[in-house]
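K.L.:
Below is the file query-v7.txt, which contains compact mmCIF, C-alpha atoms.
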# COMPACT_ATOMS: atom_id res chain seq x y z
CA MET A 16 -54.18 -30.99 95.78
CA SER A 17 -56.84 -32.02 93.33
CA PHE A 18 -60.48 -32.88 92.95
CA SER A 19 -59.65 -36.60 92.75
CA LYS A 20 -58.11 -36.41 96.26
CA LEU A 21 -61.33 -34.89 97.58
CA VAL A 22 -63.34 -37.66 95.89
CA ALA A 23 -60.98 -40.29 97.33
CA HIS A 24 -61.47 -38.86 100.82
CA PHE A 25 -65.21 -39.61 100.66
CA ARG A 26 -65.05 -42.75 98.53
CA ASP A 27 -65.14 -45.32 101.34
CA LYS A 28 -67.90 -43.72 103.38
CA GLU A 29 -70.67 -46.08 104.41
CA ASP A 30 -72.89 -43.51 106.13
CA PHE A 31 -74.91 -40.98 104.14
CA PRO A 32 -75.51 -38.24 103.30
CA ILE A 33 -72.03 -36.83 102.77
CA GLN A 34 -72.27 -33.59 104.68
CA ILE A 35 -71.53 -30.23 103.09
CA ASP A 36 -69.89 -29.25 106.38
CA GLU A 37 -67.42 -32.16 105.95
CA ILE A 38 -66.57 -30.97 102.44
CA VAL A 39 -66.06 -27.40 103.69
CA SER A 40 -63.84 -28.69 106.48
CA TRP A 41 -61.71 -30.66 103.97
CA LEU A 42 -61.40 -27.63 101.66
CA THR A 43 -60.36 -25.22 104.42
CA SER A 44 -58.01 -27.66 106.16
CA ASN A 45 -56.29 -28.37 102.83
CA GLY A 46 -55.71 -24.68 102.16
CA PHE A 47 -58.20 -24.14 99.35
CA GLN A 48 -59.85 -21.25 101.21
CA ASP A 49 -59.56 -19.54 104.59
CA GLU A 50 -63.28 -18.85 105.03
CA ILE A 51 -66.39 -20.23 103.33
CA SER A 52 -69.76 -18.65 104.16
CA PHE A 53 -73.29 -19.54 103.11
CA TYR A 54 -76.08 -16.97 102.80
CA PRO A 55 -79.73 -17.90 102.30
CA VAL A 56 -81.23 -14.85 100.55
CA GLU A 57 -84.37 -13.80 98.68
CA MET A 58 -83.80 -15.12 95.15
CA ASP A 59 -86.12 -16.17 92.33
CA SER A 60 -84.98 -19.76 91.86
CA LYS A 61 -86.56 -19.96 88.39
CA THR A 62 -84.01 -17.39 87.24
CA LEU A 63 -81.09 -18.16 89.53
CA ARG A 64 -80.37 -20.96 91.99
CA GLY A 65 -77.05 -19.78 93.33
CA VAL A 66 -74.17 -17.34 93.19
CA MET A 67 -70.59 -17.95 94.27
CA THR A 68 -68.06 -15.18 94.79
CA GLN A 69 -64.43 -15.85 95.57
CA TYR A 70 -62.19 -12.98 96.65
CA THR A 71 -59.24 -12.00 98.79
CA ARG A 72 -59.73 -9.71 101.75
CA ARG A 73 -56.99 -7.90 103.61
CA ASP A 74 -57.82 -7.00 107.19
CA GLY A 75 -55.77 -3.84 107.72
CA VAL A 76 -52.84 -2.46 105.71
CA TYR A 77 -50.39 -5.07 107.03
CA GLY A 78 -52.89 -7.91 107.36
CA GLU A 79 -52.34 -11.18 105.54
CA PRO A 80 -54.74 -11.57 102.57
CA LYS A 81 -57.46 -14.10 103.32
CA LEU A 82 -59.11 -16.27 100.67
CA ILE A 83 -62.87 -15.99 101.06
CA THR A 84 -65.78 -17.71 99.34
CA ASP A 85 -69.39 -16.59 99.74
CA ILE A 86 -72.20 -18.79 98.47
CA LEU A 87 -75.71 -17.38 98.11
CA TYR A 88 -78.79 -19.49 97.50
CA PRO A 89 -82.58 -19.05 97.73
CA LYS A 90 -84.08 -19.06 101.22
CA SER A 91 -86.93 -21.07 99.75
CA ALA A 92 -84.70 -24.00 98.67
CA ASN A 93 -85.44 -27.31 100.39
CA ALA A 94 -82.65 -29.21 102.17
CA CYS A 95 -81.74 -31.31 99.11
CA TRP A 96 -81.51 -28.33 96.76
CA GLU A 97 -79.69 -26.27 99.38
CA ARG A 98 -77.03 -29.00 99.64
CA MET A 99 -76.79 -29.44 95.86
CA ILE A 100 -76.46 -25.70 95.16
CA CYS A 101 -73.84 -25.21 97.88
CA CYS A 102 -71.84 -28.26 96.79
CA LYS A 103 -71.94 -27.26 93.11
CA GLU A 104 -70.73 -23.76 93.95
CA LEU A 105 -67.95 -25.20 96.15
CA MET A 106 -66.73 -27.17 93.13
CA HIS A 107 -65.77 -23.88 91.47
CA LEU A 108 -62.84 -23.78 93.89
CA PHE A 109 -61.32 -26.26 91.42
CA ASP A 110 -61.73 -23.87 88.48
CA THR A 111 -58.50 -23.36 86.58
CA PRO A 112 -57.22 -19.76 86.23
CA LEU A 113 -58.63 -19.73 82.68
CA GLU A 114 -62.10 -20.71 83.94
CA LYS A 115 -62.24 -17.95 86.57
CA THR A 116 -64.39 -14.89 85.94
CA LYS A 117 -63.37 -11.64 87.61
CA THR A 118 -63.21 -8.64 85.30
CA SER A 119 -66.22 -6.69 84.07
CA GLU A 120 -65.59 -7.99 80.53
CA GLN A 121 -65.35 -11.62 81.71
CA ILE A 122 -68.56 -11.31 83.75
CA ASP A 123 -70.35 -9.77 80.77
CA LYS A 124 -69.13 -12.63 78.57
CA LEU A 125 -70.18 -15.25 81.15
CA THR A 126 -73.68 -13.86 81.75
CA SER A 127 -74.18 -13.33 78.02
CA SER A 128 -73.00 -16.84 77.21
CA LEU A 129 -75.14 -18.47 79.91
CA THR A 130 -78.27 -16.71 78.67
CA SER A 131 -77.68 -16.74 74.93
CA PRO A 132 -80.06 -19.19 73.18
CA ALA A 133 -77.41 -19.89 70.53
CA GLY A 134 -74.60 -20.41 73.03
CA LYS A 135 -76.36 -22.81 75.39
CA ASP A 136 -75.03 -26.34 75.42
CA SER A 137 -71.97 -25.43 73.36
CA SER A 138 -70.27 -22.50 75.09
CA PRO A 139 -67.21 -23.19 77.31
CA ASP A 140 -68.88 -21.28 80.16
CA TYR A 141 -71.98 -23.43 79.99
CA PHE A 142 -69.73 -26.50 79.81
CA ALA A 143 -67.82 -25.36 82.94
CA GLU A 144 -71.12 -25.02 84.79
CA GLY A 145 -71.98 -28.59 83.79
CA ILE A 146 -68.61 -29.84 85.08
CA ALA A 147 -69.26 -28.23 88.46
CA ILE A 148 -72.64 -30.00 88.68
CA TYR A 149 -71.08 -33.37 87.77
CA ARG A 150 -68.33 -32.86 90.34
CA ALA A 151 -70.93 -32.10 93.02
CA LEU A 152 -72.81 -35.28 92.12
CA LEU A 153 -69.60 -37.34 92.21
CA LEU A 154 -69.05 -36.16 95.75
CA LEU A 155 -72.60 -36.47 97.08
CA ALA A 156 -73.34 -39.68 95.17
CA PRO A 157 -70.03 -41.55 94.78
CA ILE A 158 -70.00 -43.96 91.84
CA GLU A 159 -69.08 -46.86 94.17
CA ILE A 160 -72.29 -46.29 96.14
CA ILE A 161 -74.38 -45.92 92.99
CA GLU A 162 -73.06 -49.30 91.81
CA ARG A 163 -74.06 -50.90 95.13
CA LEU A 164 -77.50 -49.30 94.96
CA ARG A 165 -78.04 -50.23 91.32
CA PRO A 166 -79.49 -53.77 91.81
CA HIS A 167 -82.03 -52.38 94.30
CA TYR A 168 -82.89 -49.50 91.94
CA ASP A 169 -83.19 -51.74 88.90
CA THR A 170 -85.64 -54.08 90.64
CA GLY A 171 -87.67 -51.15 91.95
CA ALA A 172 -86.99 -52.06 95.58
CA LYS A 173 -85.55 -48.57 95.98
CA GLN A 174 -87.06 -45.76 93.96
CA ASP A 175 -86.01 -42.23 93.05
CA TYR A 176 -87.55 -40.71 96.17
CA ASP A 177 -85.91 -43.26 98.54
CA ILE A 178 -82.48 -42.68 97.06
CA ALA A 179 -82.91 -38.90 96.99
CA LEU A 180 -83.78 -39.02 100.68
CA PHE A 181 -80.84 -41.31 101.51
CA LEU A 182 -78.26 -39.20 99.60
CA ARG A 183 -80.12 -35.93 100.29
CA ILE A 184 -79.87 -34.67 96.74
CA PRO A 185 -82.74 -33.46 94.54
CA GLU A 186 -84.89 -36.27 93.10
CA HIS A 187 -84.42 -34.49 89.76
CA TYR A 188 -80.89 -36.03 89.46
CA ILE A 189 -81.56 -39.65 90.51
CA GLY A 190 -82.45 -41.08 87.09
CA PHE A 191 -79.29 -39.52 85.70
CA LEU A 192 -77.12 -41.11 88.44
CA PHE A 193 -78.14 -44.58 87.24
CA SER A 194 -77.62 -43.82 83.55
CA SER A 195 -74.65 -44.96 81.52
CA ALA A 196 -73.98 -41.27 80.77
CA TYR A 197 -73.22 -40.62 84.44
CA MET A 198 -70.74 -43.48 84.56
CA ARG A 199 -69.02 -42.26 81.39
CA ILE A 200 -68.85 -38.69 82.69
CA ALA A 201 -67.62 -39.86 86.10
CA HIS A 202 -64.85 -41.98 84.64
CA GLY A 203 -64.02 -39.22 82.16
CA LEU A 204 -63.80 -36.54 84.86
CA LEU A 205 -61.78 -38.63 87.27
CA GLY A 206 -59.61 -39.92 84.42
CA LEU A 207 -59.12 -36.40 83.11
CA GLN A 208 -58.20 -35.28 86.62
CA LYS A 209 -55.52 -37.98 86.73
CA ILE A 210 -54.02 -36.60 83.51
CA VAL A 211 -54.09 -33.05 84.97
CA ASP A 212 -52.42 -34.38 88.16
CA ILE A 213 -49.70 -36.11 86.15
CA GLU A 214 -49.12 -32.97 84.05
CA THR A 215 -48.95 -30.82 87.18
CA LYS A 216 -46.45 -33.18 88.78
CA THR A 217 -44.23 -33.43 85.72
CA GLY A 218 -44.69 -29.78 84.76
CA SER A 219 -45.61 -30.77 81.22
CA MET B 26 -76.49 -2.96 80.48
CA LEU B 27 -77.76 -1.10 83.54
CA GLU B 28 -78.24 -4.40 85.36
CA GLN B 29 -74.70 -5.46 84.45
CA GLU B 30 -73.43 -2.19 85.97
CA ARG B 31 -75.53 -2.79 89.10
CA LEU B 32 -74.03 -6.26 89.39
CA MET B 33 -70.48 -4.85 89.10
CA LYS B 34 -71.28 -2.22 91.75
CA SER B 35 -72.61 -4.88 94.10
CA LEU B 36 -69.30 -6.73 93.70
CA SER B 37 -67.04 -3.79 94.52
CA MET B 38 -66.17 -3.38 98.17
CA ASP B 39 -63.20 -1.69 99.86
CA GLY B 40 -60.41 -4.12 100.65
CA PHE B 41 -61.94 -6.91 98.56
CA ASP B 42 -60.34 -8.26 95.41
CA LEU B 43 -62.66 -10.46 93.35
CA SER B 44 -61.04 -13.57 91.89
CA ASN B 45 -64.04 -15.53 90.61
CA ILE B 46 -67.82 -15.34 90.33
CA LYS B 47 -70.13 -18.11 89.12
CA PHE B 48 -73.89 -18.58 88.73
CA PHE B 49 -76.18 -21.60 89.02
CA LEU B 50 -79.06 -20.94 86.64
CA GLY B 51 -82.64 -21.87 87.47
CA ASP B 52 -85.04 -23.83 85.29
CA ASP B 53 -86.07 -20.90 83.09
CA ARG B 54 -84.18 -21.63 79.87
CA ASN B 55 -85.34 -18.31 78.43
CA VAL B 56 -83.80 -16.14 81.13
CA THR B 57 -82.25 -12.95 79.77
CA GLN B 58 -78.83 -11.56 80.63
CA ASP B 59 -80.51 -8.54 82.28
CA ALA B 60 -82.74 -10.74 84.45
CA LEU B 61 -79.77 -12.88 85.51
CA CYS B 62 -77.65 -9.81 86.39
CA GLN B 63 -80.59 -8.21 88.21
CA GLU B 64 -81.26 -11.30 90.33
CA ALA B 65 -77.56 -11.72 91.14
CA ALA B 66 -77.15 -8.03 92.03
CA ASN B 67 -80.23 -8.18 94.29
CA ALA B 68 -78.84 -11.27 96.04
CA LEU B 69 -75.38 -9.75 96.57
CA GLN B 70 -76.92 -6.51 97.86
CA GLN B 71 -78.56 -8.51 100.63
CA ILE B 72 -75.13 -9.43 102.02
CA LYS B 73 -74.17 -5.75 102.04
CA PHE B 74 -77.38 -5.02 103.93
CA GLY B 75 -76.52 -7.62 106.57
CA ALA B 76 -78.08 -10.93 105.46
CA SER B 77 -77.16 -13.51 108.07
CA LYS B 78 -74.81 -16.40 107.42
CA LYS B 79 -75.89 -19.97 107.91
CA ASN B 80 -73.36 -21.77 110.07
CA SER B 81 -74.24 -25.30 109.05
CA ILE B 82 -75.82 -26.43 105.79
CA ASP B 83 -76.56 -29.92 107.09
CA GLY B 84 -78.41 -28.88 110.24
CA ASP B 85 -80.30 -31.77 111.77
CA ILE B 86 -79.82 -34.22 108.90
CA LYS B 87 -78.88 -37.57 110.42
CA LYS B 88 -76.60 -40.05 108.68
CA VAL B 89 -77.85 -43.53 107.87
CA SER B 90 -75.62 -46.47 107.01
CA LEU B 91 -75.93 -48.03 103.56
CA GLU B 92 -76.56 -51.39 105.22
CA LYS B 93 -79.49 -50.04 107.24
CA PHE B 94 -80.91 -48.27 104.19
CA LEU B 95 -80.88 -51.47 102.14
CA LYS B 96 -82.57 -53.62 104.83
Would you mind writing the file out in structure tokens?

P.N.:
Amino acid sequence: MSFSKLVAHFRDKEDFPIQIDEIVSWLTSNGFQDEISFYPVEMDSKTLRGVMTQYTRRDGVYGEPKLITDILYPKSANACWERMICCKELMHLFDTPLEKTKTSEQIDKLTSSLTSPAGKDSSPDYFAEGIAIYRALLLLAPIEIIERLRPHYDTGAKQDYDIALFLRIPEHYIGFLFSSAYMRIAHGLLGLQKIVDIETKTGS
Amino acid sequence: MLEQERLMKSLSMDGFDLSNIKFFLGDDRNVTQDALCQEAANALQQIKFGASKKNSIDGDIKKVSLEKFLK
């Protein structure tokens, strides 16, 4: 089961916003996780907007291991940011084994890479974070809908704020959604996913 | 380094086996590794101390059709 299948599930929706609860329901019913929990906590959003932990929990010695995801975000986040943070963190359920961070050494490398002035923009970890954001946008703002909104955006009939309110994503991202870069990234990500799907199927 | 150790401690719980952790950075492009680890450790500690879960992220948000939005 792949990210492109999740995108396809929401592609034909006519009513917005896409709900985070619907995405969670798809992920749990398709076996990605057994439980997904969201925790609004005290957090300085200038430093950190969200944390996602994924782990297995065994209830009792003979209990079946359960796959759990916890997502933490600032209590102070507004509804649009809350949805964006939670969706972006959910997209890490599609991380490949190589992209996962679990040992002390890997966590040190990740936090160092994310905060290193030299490493920003070029490190694989920073790149993986970017991919998760693009995936979240592809879900909450499907490219088909962006194309249908484009004439109204280009003429100014619908502005950043209107579209942010309709899609319930931060206004910060709206300009980017209508850029050629977004279209290239969207086609690249979905195209890349197709290649990964084909390779998984054929075992190559 | 101390903050990194605090973060690791906040991640270790009996019966739990971590498979992935990720961070969504804020706007401060000059954030240090210590500050990031400290903020993450503080956040994770709040779960240990009983922070409540939110059952629905979408709450009262009502859906609107594209057609109605464009009218």

K.L.:
At a cut-off of 8 Å, list the chain B residues touching chain A, using all atoms listed in the file, as a compact mmCIF listing (two decimals) with C-alpha atoms, in the frame of the given file.

P.N.:
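File produced: out-v1.txt:
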# COMPACT_ATOMS: atom_id res chain seq x y z
CA GLN B 29 -74.70 -5.46 84.45
CA MET B 33 -70.48 -4.85 89.10
CA GLY B 40 -60.41 -4.12 100.65
CA PHE B 41 -61.94 -6.91 98.56
CA ASP B 42 -60.34 -8.26 95.41
CA LEU B 43 -62.66 -10.46 93.35
CA SER B 44 -61.04 -13.57 91.89
CA ASN B 45 -64.04 -15.53 90.61
CA ILE B 46 -67.82 -15.34 90.33
CA LYS B 47 -70.13 -18.11 89.12
CA PHE B 48 -73.89 -18.58 88.73
CA PHE B 49 -76.18 -21.60 89.02
CA LEU B 50 -79.06 -20.94 86.64
CA GLY B 51 -82.64 -21.87 87.47
CA ASP B 52 -85.04 -23.83 85.29
CA ASP B 53 -86.07 -20.90 83.09
CA ARG B 54 -84.18 -21.63 79.87
CA ASN B 55 -85.34 -18.31 78.43
CA VAL B 56 -83.80 -16.14 81.13
CA THR B 57 -82.25 -12.95 79.77
CA GLN B 58 -78.83 -11.56 80.63
CA ALA B 60 -82.74 -10.74 84.45
CA LEU B 61 -79.77 -12.88 85.51
CA CYS B 62 -77.65 -9.81 86.39
CA GLU B 64 -81.26 -11.30 90.33
CA ALA B 65 -77.56 -11.72 91.14
CA ASN B 67 -80.23 -8.18 94.29
CA ALA B 68 -78.84 -11.27 96.04
CA LEU B 69 -75.38 -9.75 96.57
CA GLN B 71 -78.56 -8.51 100.63
CA ILE B 72 -75.13 -9.43 102.02
CA ALA B 76 -78.08 -10.93 105.46
CA SER B 77 -77.16 -13.51 108.07
CA LYS B 78 -74.81 -16.40 107.42
CA LYS B 79 -75.89 -19.97 107.91
CA ASN B 80 -73.36 -21.77 110.07
CA SER B 81 -74.24 -25.30 109.05
CA ILE B 82 -75.82 -26.43 105.79
CA ASP B 83 -76.56 -29.92 107.09
CA LYS B 87 -78.88 -37.57 110.42
CA LYS B 88 -76.60 -40.05 108.68
CA VAL B 89 -77.85 -43.53 107.87
CA SER B 90 -75.62 -46.47 107.01
CA LEU B 91 -75.93 -48.03 103.56
CA GLU B 92 -76.56 -51.39 105.22
CA PHE B 94 -80.91 -48.27 104.19
CA LEU B 95 -80.88 -51.47 102.14

K.L.:
Between atom CA of A:Leu152 and atom CA of A:Glu50, what distance in Å does the model show, to one decimal?

P.N.:
23.0 Å

K.L.:
Which distance in Å separates atom CA of A:Asn45 and atom CA of A:Gly78, to one decimal?

P.N.:
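Spanning atom CA of A:Asn45 to atom CA of A:Gly78 is a straight-line distance of 21.2 Å.
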
K.L.:
Smallest atom-to-atom distance to A:Thr111: which of A:Phe18, A:Tyr77, A:Trp41, A:Tyr197, using all atoms listed in the file?

P.N.:
A:Phe18

K.L.:
So how many Å separate atom CA of A:Glu159 and atom CA of A:Ser194, to one decimal?

P.N.:
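Atom CA of A:Glu159 sits 14.0 Å away from atom CA of A:Ser194.
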
K.L.:
Output, as AutoDock Vina command-line options, the centre and edge lengths in Å (one decimal) of the axis-aligned box that contains all listed atoms of stretch 60-70 of chain B with 4 Å of margin on each side.

P.N.:
--center_x -79.1 --center_y -9.7 --center_z 91.2 --size_x 15.4 --size_y 14.4 --size_z 21.4

K.L.:
Could you check the closest approach to A:Ile184 for each of A:Phe142, A:Leu154, A:Ser17, A:Leu42 and tell me which residue wins, using all atoms listed in the file?

P.N.:
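Smallest distance to A:Ile184 is found for A:Leu154.
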
K.L.:
Contacts of B:Leu27 at 9 Å or less, counting only C-alpha atoms, minus same-chain residues fewer than 5 places along, as a list in words?

P.N.:
Leu32, Asp59 and Gln63 of chain B
